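Asks: Provided herewith: model25.txt, compact mmCIF, C-alpha atoms and all ligand atoms.
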# COMPACT_ATOMS: atom_id res chain seq x y z
CA MET J 15 4.36 -1.38 3.74
CA PRO J 16 3.93 1.24 6.50
CA GLU J 17 3.55 4.82 5.32
CA VAL J 18 6.69 5.95 7.15
CA SER J 19 8.87 3.51 5.17
CA LYS J 20 8.29 5.61 2.04
CA LEU J 21 10.33 8.33 3.70
CA ARG J 22 13.23 6.17 4.81
CA LYS J 23 16.51 6.73 3.04
CA PRO J 24 18.48 3.61 2.09
CA ASP J 25 21.87 3.20 3.77
CA VAL J 26 23.03 0.63 1.28
CA LYS J 27 22.03 -1.11 -1.93
CA ILE J 28 21.91 -4.79 -2.89
CA VAL J 29 21.14 -5.74 -6.52
CA LEU J 30 19.73 -8.96 -7.99
CA LEU J 31 21.12 -9.65 -11.47
CA GLY J 32 20.68 -12.59 -13.84
CA ASP J 33 19.02 -13.90 -16.98
CA MET J 34 15.27 -13.79 -17.45
CA ASN J 35 13.28 -16.55 -15.79
CA VAL J 36 15.93 -17.58 -13.23
CA GLY J 37 13.67 -16.46 -10.37
CA LYS J 38 15.02 -13.08 -9.16
CA THR J 39 11.56 -11.62 -8.54
CA SER J 40 10.41 -14.86 -6.91
CA LEU J 41 13.39 -14.80 -4.52
CA LEU J 42 12.56 -11.26 -3.46
CA HIS J 43 8.86 -12.15 -3.03
CA ARG J 44 9.76 -15.20 -0.99
CA TYR J 45 11.97 -13.18 1.32
CA THR J 46 9.75 -10.14 1.70
CA GLU J 47 6.26 -11.66 1.46
CA ARG J 48 7.01 -15.21 2.68
CA ARG J 49 5.30 -16.81 -0.30
CA PHE J 50 5.78 -18.03 -3.84
CA LYS J 51 3.39 -16.36 -6.20
CA ASP J 52 2.89 -15.93 -9.93
CA THR J 53 5.23 -13.43 -11.51
CA VAL J 54 5.35 -11.53 -14.75
CA SER J 55 8.67 -10.84 -16.41
CA THR J 56 10.14 -7.71 -14.80
CA VAL J 57 10.19 -4.46 -16.75
CA GLY J 58 13.11 -2.19 -15.86
CA GLY J 59 13.60 -2.66 -12.14
CA ALA J 60 12.01 -2.17 -8.75
CA PHE J 61 13.27 -2.02 -5.21
CA PHE J 62 12.19 -3.09 -1.78
CA LEU J 63 13.36 -1.28 1.34
CA LYS J 64 14.26 -3.62 4.17
CA GLN J 65 14.75 -2.42 7.72
CA TRP J 66 17.60 -4.41 9.24
CA GLY J 67 18.01 -3.34 12.84
CA PRO J 68 18.65 0.41 12.69
CA TYR J 69 19.68 0.25 9.02
CA ASN J 70 17.73 0.58 5.77
CA ILE J 71 18.77 -1.73 2.97
CA SER J 72 17.40 -1.35 -0.54
CA ILE J 73 17.14 -4.59 -2.52
CA TRP J 74 16.85 -4.01 -6.28
CA ASP J 75 15.14 -6.51 -8.55
CA THR J 76 16.20 -6.04 -12.18
CA ALA J 77 14.92 -7.29 -15.52
CA GLY J 78 16.81 -10.17 -17.10
CA ARG J 79 15.38 -9.62 -20.56
CA GLU J 80 17.96 -8.57 -23.14
CA GLN J 81 16.01 -5.45 -24.10
CA PHE J 82 16.60 -3.99 -20.61
CA HIS J 83 20.28 -4.87 -20.53
CA GLY J 84 21.43 -1.27 -20.83
CA LEU J 85 19.77 -0.41 -17.50
CA GLY J 86 21.79 -2.98 -15.56
CA SER J 87 24.90 -0.90 -14.95
CA MET J 88 22.72 2.00 -13.79
CA TYR J 89 21.06 -0.21 -11.19
CA CYS J 90 24.46 -1.50 -10.04
CA ARG J 91 25.88 1.98 -9.47
CA GLY J 92 27.03 2.23 -5.87
CA ALA J 93 25.90 -1.30 -4.99
CA ALA J 94 27.41 -2.80 -1.83
CA ALA J 95 26.41 -6.33 -2.84
CA VAL J 96 25.32 -8.03 -6.06
CA ILE J 97 23.44 -11.34 -6.22
CA LEU J 98 24.34 -13.07 -9.49
CA THR J 99 21.46 -15.46 -10.02
CA TYR J 100 21.21 -18.51 -12.30
CA ASP J 101 18.84 -21.47 -12.64
CA VAL J 102 20.37 -24.82 -11.57
CA THR J 103 18.46 -26.58 -14.37
CA ASN J 104 19.76 -24.24 -17.08
CA TRP J 105 23.47 -24.20 -17.95
CA GLN J 106 23.06 -21.22 -20.25
CA SER J 107 21.82 -19.08 -17.36
CA LEU J 108 25.19 -19.54 -15.63
CA ALA J 109 27.09 -18.79 -18.85
CA GLU J 110 25.04 -15.61 -19.31
CA LEU J 111 26.20 -14.32 -15.92
CA GLU J 112 29.75 -14.23 -17.21
CA GLU J 113 28.98 -13.15 -20.75
CA ARG J 114 26.35 -10.51 -20.13
CA PHE J 115 26.04 -9.54 -16.48
CA LEU J 116 29.51 -9.46 -14.95
CA SER J 117 30.53 -6.31 -16.82
CA LEU J 118 27.42 -4.51 -15.51
CA THR J 119 28.95 -4.65 -12.03
CA ASP J 120 31.78 -2.31 -13.05
CA THR J 121 29.73 0.55 -11.58
CA ALA J 122 29.32 -1.16 -8.18
CA ASN J 123 31.34 -0.09 -5.12
CA HIS J 124 35.03 -1.04 -5.22
CA ASP J 125 34.48 -3.26 -2.15
CA CYS J 126 31.22 -4.73 -3.45
CA ILE J 127 30.39 -8.24 -2.20
CA TYR J 128 29.28 -10.90 -4.71
CA ALA J 129 27.05 -13.90 -4.18
CA VAL J 130 26.52 -16.53 -6.89
CA VAL J 131 23.07 -18.04 -6.45
CA GLY J 132 21.63 -21.14 -8.13
CA ASN J 133 17.85 -20.94 -7.80
CA LYS J 134 15.12 -23.58 -8.43
CA ALA J 135 17.02 -26.13 -6.33
CA ASP J 136 13.65 -27.74 -5.50
CA LEU J 137 13.64 -29.15 -9.05
CA THR J 138 16.88 -31.09 -8.57
CA ASP J 139 17.48 -31.63 -4.87
CA PRO J 140 15.09 -33.44 -2.48
CA LYS J 141 16.37 -31.50 0.52
CA ALA J 142 15.37 -28.22 -1.19
CA GLN J 143 11.80 -29.50 -1.55
CA VAL J 144 11.20 -29.13 2.15
CA HIS J 145 9.41 -25.89 2.92
CA GLN J 146 11.62 -23.60 4.97
CA ASP J 147 9.65 -20.67 6.12
CA SER J 148 8.96 -18.78 9.24
CA ASP J 149 5.82 -16.65 9.24
CA SER J 150 7.35 -13.24 9.51
CA VAL J 151 10.33 -11.55 7.98
CA SER J 152 13.07 -10.88 10.50
CA GLU J 153 13.59 -7.25 11.40
CA GLU J 154 15.94 -8.04 14.25
CA GLY J 155 19.01 -6.86 12.48
CA PRO J 156 22.58 -8.01 12.80
CA ARG J 157 23.00 -11.29 14.68
CA THR J 158 25.94 -13.34 15.85
CA GLU J 159 27.03 -16.32 13.73
CA SER J 160 25.74 -18.84 16.27
CA GLN J 161 22.33 -17.13 16.27
CA VAL J 162 22.21 -17.27 12.47
CA LEU J 163 22.98 -20.97 12.49
CA SER J 164 20.45 -21.83 15.16
CA ALA J 165 17.79 -19.86 13.27
CA CYS J 166 18.04 -22.23 10.26
CA PRO J 167 15.08 -24.63 10.36
CA THR J 168 15.95 -28.31 10.68
CA PRO J 169 14.46 -30.40 7.87
CA PRO J 170 12.15 -33.24 8.95
CA ALA J 171 13.52 -36.79 8.65
CA SER J 172 11.76 -37.57 5.37
CA PRO J 173 11.37 -34.70 2.91
CA VAL J 174 7.95 -34.24 1.37
CA SER J 175 8.24 -34.30 -2.39
CA LEU J 176 6.37 -31.53 -4.19
CA SER J 177 6.11 -33.19 -7.56
CA GLY J 178 7.96 -36.48 -7.20
CA LEU J 179 9.88 -35.57 -10.36
CA MET J 180 13.49 -34.49 -10.22
CA LEU J 181 15.05 -32.63 -13.13
CA HIS J 182 18.63 -32.97 -14.31
CA LYS J 183 20.90 -30.55 -12.49
CA GLN J 184 22.80 -28.79 -15.26
CA VAL J 185 24.91 -26.57 -12.99
CA THR J 186 26.79 -28.07 -10.04
CA HIS J 187 28.00 -26.26 -6.94
CA GLU J 188 31.54 -26.71 -8.29
CA ASP J 189 30.57 -24.86 -11.51
CA ALA J 190 29.31 -21.97 -9.40
CA VAL J 191 32.47 -21.97 -7.26
CA ALA J 192 34.58 -21.87 -10.45
CA LEU J 193 32.56 -18.89 -11.71
CA TYR J 194 33.07 -17.13 -8.38
CA GLY J 195 36.85 -17.63 -8.78
CA ARG J 196 36.75 -16.14 -12.30
CA LEU J 197 34.66 -13.25 -10.99
CA LEU J 198 37.34 -12.45 -8.38
CA ARG J 199 40.02 -12.54 -11.08
CA TYR J 200 37.90 -10.26 -13.31
CA LYS J 201 37.71 -7.82 -10.38
CA GLY J 202 41.47 -8.12 -9.80
CA LEU J 203 40.85 -9.44 -6.28
CA ASP J 204 43.11 -11.80 -4.39
CA GLU J 205 41.21 -15.04 -3.75
CA LYS J 206 42.88 -15.54 -0.37
CA ALA J 207 41.93 -12.07 0.86
CA SER J 208 38.32 -12.32 -0.41
CA LEU J 209 35.23 -13.95 1.05
CA PRO J 210 35.50 -17.71 0.38
CA ALA J 211 33.51 -19.25 -2.48
CA ASP J 212 31.88 -21.78 -0.15
CA LYS J 213 30.37 -18.94 1.87
CA MET J 214 29.30 -16.91 -1.19
CA CYS J 215 27.84 -19.61 -3.49
CA PHE J 216 24.29 -20.55 -2.55
CA GLU J 217 21.63 -22.87 -3.90
CA THR J 218 18.12 -21.66 -3.19
CA SER J 219 14.48 -22.32 -3.94
CA ALA J 220 12.11 -19.39 -4.09
CA LYS J 221 9.35 -21.99 -4.33
CA THR J 222 10.01 -23.65 -0.96
CA GLY J 223 12.09 -20.95 0.73
CA TYR J 224 15.15 -23.20 0.88
CA ASN J 225 18.20 -21.08 1.85
CA VAL J 226 16.44 -17.82 0.94
CA ASP J 227 16.63 -16.21 4.41
CA THR J 228 20.22 -17.43 4.77
CA LEU J 229 21.16 -15.77 1.47
CA PHE J 230 19.71 -12.35 2.24
CA GLU J 231 20.67 -12.26 5.89
CA THR J 232 24.25 -13.36 5.21
CA LEU J 233 24.53 -10.43 2.80
CA PHE J 234 22.94 -7.99 5.25
CA ASP J 235 25.55 -8.90 7.84
CA LEU J 236 28.36 -8.57 5.28
CA VAL J 237 27.33 -5.10 4.08
CA LEU J 238 27.28 -3.65 7.60
CA PRO J 239 30.86 -2.33 7.33
CA SER J 240 29.84 -0.45 4.15
CA ILE J 241 26.92 1.12 5.99
CA LEU J 242 29.05 2.18 8.95
CA ARG J 243 31.74 3.60 6.68
CA LYS J 244 29.18 5.59 4.69
CA ARG J 245 27.62 6.96 7.87
CA ASN J 246 31.06 7.97 9.15
CA GLU J 247 31.94 9.67 5.86
CA ASN J 248 28.69 11.61 6.01
CA LYS J 249 29.51 12.71 9.56
CA GLU J 250 33.01 13.80 8.61
CA SER J 251 31.98 15.74 5.50
CA PRO J 252 28.48 17.04 6.07
CA THR J 253 26.67 18.63 3.12
CA VAL J 254 27.64 22.28 2.56
CA ASP J 255 24.80 24.72 2.05
CA LEU J 256 26.00 27.02 -0.76
CA GLU J 257 23.49 29.70 0.13
CA ASP J 258 24.91 29.89 3.66
CA CYS J 259 28.46 30.10 2.27
CA ARG J 260 27.48 33.09 0.14
CA GLY J 261 26.25 34.75 3.32
CA THR J 262 22.75 35.44 2.06
CA GLY J 263 21.29 33.59 4.98
CA LYS J 264 18.57 32.35 2.58
CA LYS J 265 18.09 28.59 2.61
CA THR J 266 17.08 26.63 -0.47
CA ARG J 267 14.65 23.78 -0.02
CA SER J 268 16.18 20.49 -1.03
CA SER J 269 14.14 17.93 -2.86
CA CYS J 270 14.73 14.39 -3.89
CA CYS J 271 15.06 13.69 -7.61
N1 LIG R 1 10.34 -24.64 -9.41
C1 LIG R 1 10.69 -23.37 -9.22
N2 LIG R 1 10.26 -22.41 -10.07
C2 LIG R 1 10.65 -21.13 -9.82
C3 LIG R 1 11.48 -20.77 -8.74
N3 LIG R 1 11.70 -19.44 -8.78
C4 LIG R 1 11.01 -18.98 -9.82
N4 LIG R 1 10.37 -19.98 -10.47
C5 LIG R 1 9.52 -19.85 -11.66
O1 LIG R 1 10.35 -19.35 -12.72
C6 LIG R 1 9.64 -18.42 -13.51
C7 LIG R 1 10.37 -17.10 -13.55
O2 LIG R 1 10.41 -16.52 -12.27
P1 LIG R 1 10.69 -14.95 -12.03
O3 LIG R 1 10.89 -14.75 -10.59
O4 LIG R 1 9.65 -14.14 -12.71
O5 LIG R 1 12.06 -14.80 -12.83
P2 LIG R 1 12.94 -13.47 -13.05
O6 LIG R 1 14.35 -13.87 -12.91
O7 LIG R 1 12.45 -12.40 -12.17
O8 LIG R 1 12.65 -13.14 -14.57
P3 LIG R 1 12.75 -11.66 -15.31
O9 LIG R 1 11.94 -10.71 -14.49
O10 LIG R 1 12.17 -11.87 -16.68
O11 LIG R 1 14.18 -11.29 -15.36
C8 LIG R 1 8.24 -18.32 -12.91
O12 LIG R 1 7.38 -19.19 -13.60
C9 LIG R 1 8.43 -18.81 -11.49
O13 LIG R 1 7.25 -19.37 -10.95
C10 LIG R 1 11.93 -21.81 -7.87
O14 LIG R 1 12.67 -21.64 -6.89
N5 LIG R 1 11.52 -23.10 -8.16
MG MG R 2 11.63 -10.57 -12.52
Would you mind writing the file out in structure tokens?

Replies:
Amino acid sequence: MPEVSKLRKPDVKIVLLGDMNVGKTSLLHRYTERRFKDTVSTVGGAFFLKQWGPYNISIWDTAGREQFHGLGSMYCRGAAAVILTYDVTNWQSLAELEERFLSLTDTANHDCIYAVVGNKADLTDPKAQVHQDSDSVSEEGPRTESQVLSACPTPPASPVSLSGLMLHKQVTHEDAVALYGRLLRYKGLDEKASLPADKMCFETSAKTGYNVDTLFETLFDLVLPSILRKRNENKESPTVDLEDCRGTGKKTRSSCC
């Protein structure tokens, strides 16, 4: 990461939530480093700062282990988007999203966007076994819908199997869509006025890259209004220097906590 990026201030926050072992860290690695590598179970949380056009987006990876559960709502505070992640081969991981993780999003922004993501699709779906990766992470920023579509790689005629073995898919796309509907009801949102389930329920593979760019870049485009609103609010109500107000003329040095 370039030195200057350490100084960049995030405009907006996206949080990955979900049970341990579903592949949250692997999804972030796949998107940011373009590879699938060995992971260790996450402790606490960590974030990656992504430059998306002129905007800085922080993507938070959180720990799924029960012992870190209490930290979840802290990580979600002020989030513009939350990625609720499950493992398509593990029904319980979908159930956990509702039982354990949904309530953590109470601290997210009131207009937070939700994606329901079934990872490890390479284990159940031949089309997800095809490697889908470009060499470099896009920094182009917001694109038109037609550009996004044409940027999706076309799978070759016959997919190359990674293992030859397919596992039983325990969670279907319909199960995820149903969860998304319950999530909207939990949030008190009108289904018709919200982003449609078909657009917000993804199946991905961190192992092959299947749908990973599409997931993150769809969310980046969707959080743009939040970024613009925040920037406008900051313009309208700039920070007041209390020392100046007192007329001392002495300026305090601000520091980041
Ligand atoms: N086949 C396959 N395995 C995956 C995929 N994503 C992750 N894994 C494997 O699943 C295991 C857990 O992956 P992690 O990314 O560490 O999972 P996590 O959700 O970050 O787990 P915690 O940090 O404990 O919450 C690792 O052994 C990964 O190699 C995937 O898309 N396909
Ligand atoms: Mg992890």

Asks: Please build the interface table for chain J against ligand MG 2 (chain R) with a cut-off of 12 Å, listing for each qualifying residue the nearest atom pair and the distance in Å to one decimal; count only C-alpha atoms and all ligand atoms, order rows by chain and increasing number, and write it as JSON lines.

Replies:
{"residue": "J:Leu30", "atom": "CA", "partner": "R:MG2", "partner_atom": "MG", "distance": 9.4}
{"residue": "J:Leu31", "atom": "CA", "partner": "R:MG2", "partner_atom": "MG", "distance": 9.6}
{"residue": "J:Gly32", "atom": "CA", "partner": "R:MG2", "partner_atom": "MG", "distance": 9.4}
{"residue": "J:Asp33", "atom": "CA", "partner": "R:MG2", "partner_atom": "MG", "distance": 9.3}
{"residue": "J:Met34", "atom": "CA", "partner": "R:MG2", "partner_atom": "MG", "distance": 6.9}
{"residue": "J:Asn35", "atom": "CA", "partner": "R:MG2", "partner_atom": "MG", "distance": 7.0}
{"residue": "J:Val36", "atom": "CA", "partner": "R:MG2", "partner_atom": "MG", "distance": 8.3}
{"residue": "J:Gly37", "atom": "CA", "partner": "R:MG2", "partner_atom": "MG", "distance": 6.6}
{"residue": "J:Lys38", "atom": "CA", "partner": "R:MG2", "partner_atom": "MG", "distance": 5.4}
{"residue": "J:Thr39", "atom": "CA", "partner": "R:MG2", "partner_atom": "MG", "distance": 4.1}
{"residue": "J:Ser40", "atom": "CA", "partner": "R:MG2", "partner_atom": "MG", "distance": 7.2}
{"residue": "J:Leu41", "atom": "CA", "partner": "R:MG2", "partner_atom": "MG", "distance": 9.2}
{"residue": "J:Leu42", "atom": "CA", "partner": "R:MG2", "partner_atom": "MG", "distance": 9.1}
{"residue": "J:His43", "atom": "CA", "partner": "R:MG2", "partner_atom": "MG", "distance": 10.0}
{"residue": "J:Lys51", "atom": "CA", "partner": "R:MG2", "partner_atom": "MG", "distance": 11.9}
{"residue": "J:Asp52", "atom": "CA", "partner": "R:MG2", "partner_atom": "MG", "distance": 10.6}
{"residue": "J:Thr53", "atom": "CA", "partner": "R:MG2", "partner_atom": "MG", "distance": 7.1}
{"residue": "J:Val54", "atom": "CA", "partner": "R:MG2", "partner_atom": "MG", "distance": 6.7}
{"residue": "J:Ser55", "atom": "CA", "partner": "R:MG2", "partner_atom": "MG", "distance": 4.9}
{"residue": "J:Thr56", "atom": "CA", "partner": "R:MG2", "partner_atom": "MG", "distance": 3.9}
{"residue": "J:Val57", "atom": "CA", "partner": "R:MG2", "partner_atom": "MG", "distance": 7.6}
{"residue": "J:Gly58", "atom": "CA", "partner": "R:MG2", "partner_atom": "MG", "distance": 9.1}
{"residue": "J:Gly59", "atom": "CA", "partner": "R:MG2", "partner_atom": "MG", "distance": 8.2}
{"residue": "J:Ala60", "atom": "CA", "partner": "R:MG2", "partner_atom": "MG", "distance": 9.2}
{"residue": "J:Phe61", "atom": "CA", "partner": "R:MG2", "partner_atom": "MG", "distance": 11.4}
{"residue": "J:Trp74", "atom": "CA", "partner": "R:MG2", "partner_atom": "MG", "distance": 10.5}
{"residue": "J:Asp75", "atom": "CA", "partner": "R:MG2", "partner_atom": "MG", "distance": 6.7}
{"residue": "J:Thr76", "atom": "CA", "partner": "R:MG2", "partner_atom": "MG", "distance": 6.4}
{"residue": "J:Ala77", "atom": "CA", "partner": "R:MG2", "partner_atom": "MG", "distance": 5.5}
{"residue": "J:Gly78", "atom": "CA", "partner": "R:MG2", "partner_atom": "MG", "distance": 6.9}
{"residue": "J:Arg79", "atom": "CA", "partner": "R:MG2", "partner_atom": "MG", "distance": 8.9}
{"residue": "J:Phe82", "atom": "CA", "partner": "R:MG2", "partner_atom": "MG", "distance": 11.6}
{"residue": "J:Thr99", "atom": "CA", "partner": "R:MG2", "partner_atom": "MG", "distance": 11.3}

Asks: Quick one: distance from atom CA of J:Pro140 to atom C4 of ligand LIG 1 (chain R) in Å, one decimal?

Replies: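 Separation of atom CA of J:Pro140 and atom C4 of ligand LIG 1 (chain R): 16.7 Å.
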
Asks: Can you list, as a PDB file with C-alpha atoms, in the coordinates of the input, every protein, DNA or RNA residue that comes within 7 Å of stretch 123-128 of chain J when you count only C-alpha atoms, leaving out same-chain residues fewer than 2 positions away?

Replies:
ATOM      1  CA  GLY J  92      27.030   2.230  -5.870  1.00  0.00           C
ATOM      2  CA  ALA J  93      25.900  -1.300  -4.990  1.00  0.00           C
ATOM      3  CA  ALA J  94      27.410  -2.800  -1.830  1.00  0.00           C
ATOM      4  CA  ALA J  95      26.410  -6.330  -2.840  1.00  0.00           C
ATOM      5  CA  VAL J  96      25.320  -8.030  -6.060  1.00  0.00           C
ATOM      6  CA  ILE J  97      23.440 -11.340  -6.220  1.00  0.00           C
ATOM      7  CA  THR J 121      29.730   0.550 -11.580  1.00  0.00           C
ATOM      8  CA  VAL J 130      26.520 -16.530  -6.890  1.00  0.00           C
ATOM      9  CA  MET J 214      29.300 -16.910  -1.190  1.00  0.00           C
TER      10      MET J 214
END

Asks: With a distance cut-off of 8 Å and all atoms listed in the file, select the neighbouring residues of J:Asp120, excluding the residue or stretch itself and same-chain residues fewer than 2 positions from it, and output the selection as a ChimeraX atom specification.

Replies: /J:87,90,116-118,122

Asks: Fewer than 5 positions away in the same chain doesn't count, so skip those; otherwise give me all residues within 12 Å of J:Lys213, counting all atoms listed in the file, as an NGL selection string.

Replies: :J and (127-131 or 187 or 190-191 or 194 or 208 or 228-229 or 232-233 or 236)

Asks: Interatomic distance between atom CA of J:Leu209 and atom CA of J:Tyr69?

Replies: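 Value for the atom CA of J:Leu209-atom CA of J:Tyr69 distance: 22.5 Å.
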
Asks: Suppose you want the space between atom CA of J:Leu108 and atom CA of J:Gln143; what is it in Å?

Replies: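 Separation of atom CA of J:Leu108 and atom CA of J:Gln143: 21.8 Å.
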
Asks: Ranking J:Val26, J:Val226, J:Val144, J:Ala109 by minimum distance to J:Leu193 and counting only C-alpha atoms, which one comes first?

Replies: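 Using only C-alpha atoms, J:Leu193 sits closest to J:Ala109.
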
Asks: Adding 6 Å on each side of the box along x, y and z that holds all listed atoms of stretch 241-244 of chain J, could you give its centre and edge lengths in Å to one decimal, as JSON?

Replies:
{"center_x": 29.3, "center_y": 3.4, "center_z": 6.8, "size_x": 16.8, "size_y": 16.5, "size_z": 16.3}

Asks: Would it be fine to have stretch 193-251 of chain J, with C-alpha atoms, given as a short mmCIF file (atom, residue, chain, number, x, y, z; two decimals), in the first residue's frame?

Replies:
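Contents of decode09.cif, freshly written:
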data_model
loop_
_atom_site.label_atom_id
_atom_site.label_comp_id
_atom_site.auth_asym_id
_atom_site.auth_seq_id
_atom_site.Cartn_x
_atom_site.Cartn_y
_atom_site.Cartn_z
CA LEU J 193 -33.65 -13.79 4.28
CA TYR J 194 -33.22 -10.47 2.46
CA GLY J 195 -37.01 -9.97 2.64
CA ARG J 196 -37.00 -10.67 6.40
CA LEU J 197 -34.07 -8.29 6.81
CA LEU J 198 -36.07 -5.49 5.15
CA ARG J 199 -39.01 -6.19 7.44
CA TYR J 200 -36.69 -6.18 10.48
CA LYS J 201 -35.47 -2.75 9.35
CA GLY J 202 -39.06 -1.57 8.82
CA LEU J 203 -38.34 -0.94 5.13
CA ASP J 204 -40.85 -1.16 2.33
CA GLU J 205 -39.81 -3.96 -0.03
CA LYS J 206 -41.08 -2.08 -3.09
CA ALA J 207 -39.09 1.04 -2.25
CA SER J 208 -35.88 -0.89 -1.44
CA LEU J 209 -33.16 -2.33 -3.64
CA PRO J 210 -34.50 -5.59 -5.12
CA ALA J 211 -33.39 -8.91 -3.63
CA ASP J 212 -32.18 -10.18 -7.00
CA LYS J 213 -29.72 -7.30 -7.20
CA MET J 214 -28.59 -7.62 -3.56
CA CYS J 215 -28.21 -11.41 -3.14
CA PHE J 216 -24.93 -12.71 -4.55
CA GLU J 217 -23.20 -16.05 -4.77
CA THR J 218 -19.42 -15.75 -4.81
CA SER J 219 -16.23 -17.75 -4.66
CA ALA J 220 -13.21 -16.20 -3.01
CA LYS J 221 -11.29 -19.20 -4.30
CA THR J 222 -11.91 -18.55 -8.02
CA GLY J 223 -12.95 -14.90 -7.89
CA TYR J 224 -16.44 -15.71 -9.15
CA ASN J 225 -18.66 -12.61 -8.72
CA VAL J 226 -16.24 -11.01 -6.24
CA ASP J 227 -15.54 -7.84 -8.25
CA THR J 228 -19.23 -7.56 -9.12
CA LEU J 229 -20.14 -7.70 -5.42
CA PHE J 230 -17.75 -5.00 -4.24
CA GLU J 231 -18.15 -2.72 -7.23
CA THR J 232 -21.95 -2.90 -7.15
CA LEU J 233 -21.77 -1.75 -3.52
CA PHE J 234 -19.27 1.01 -4.29
CA ASP J 235 -21.66 2.43 -6.88
CA LEU J 236 -24.60 2.16 -4.47
CA VAL J 237 -22.87 3.99 -1.60
CA LEU J 238 -21.96 6.99 -3.77
CA PRO J 239 -25.07 8.96 -2.72
CA SER J 240 -24.03 8.47 0.95
CA ILE J 241 -20.57 9.83 0.17
CA LEU J 242 -21.93 12.87 -1.67
CA ARG J 243 -24.44 13.59 1.09
CA LYS J 244 -21.74 13.37 3.76
CA ARG J 245 -19.45 15.68 1.79
CA ASN J 246 -22.30 18.18 1.38
CA GLU J 247 -23.14 18.05 5.09
CA ASN J 248 -19.50 18.72 5.92
CA LYS J 249 -19.51 21.71 3.57
CA GLU J 250 -22.70 23.11 5.07
CA SER J 251 -21.63 22.71 8.69
#
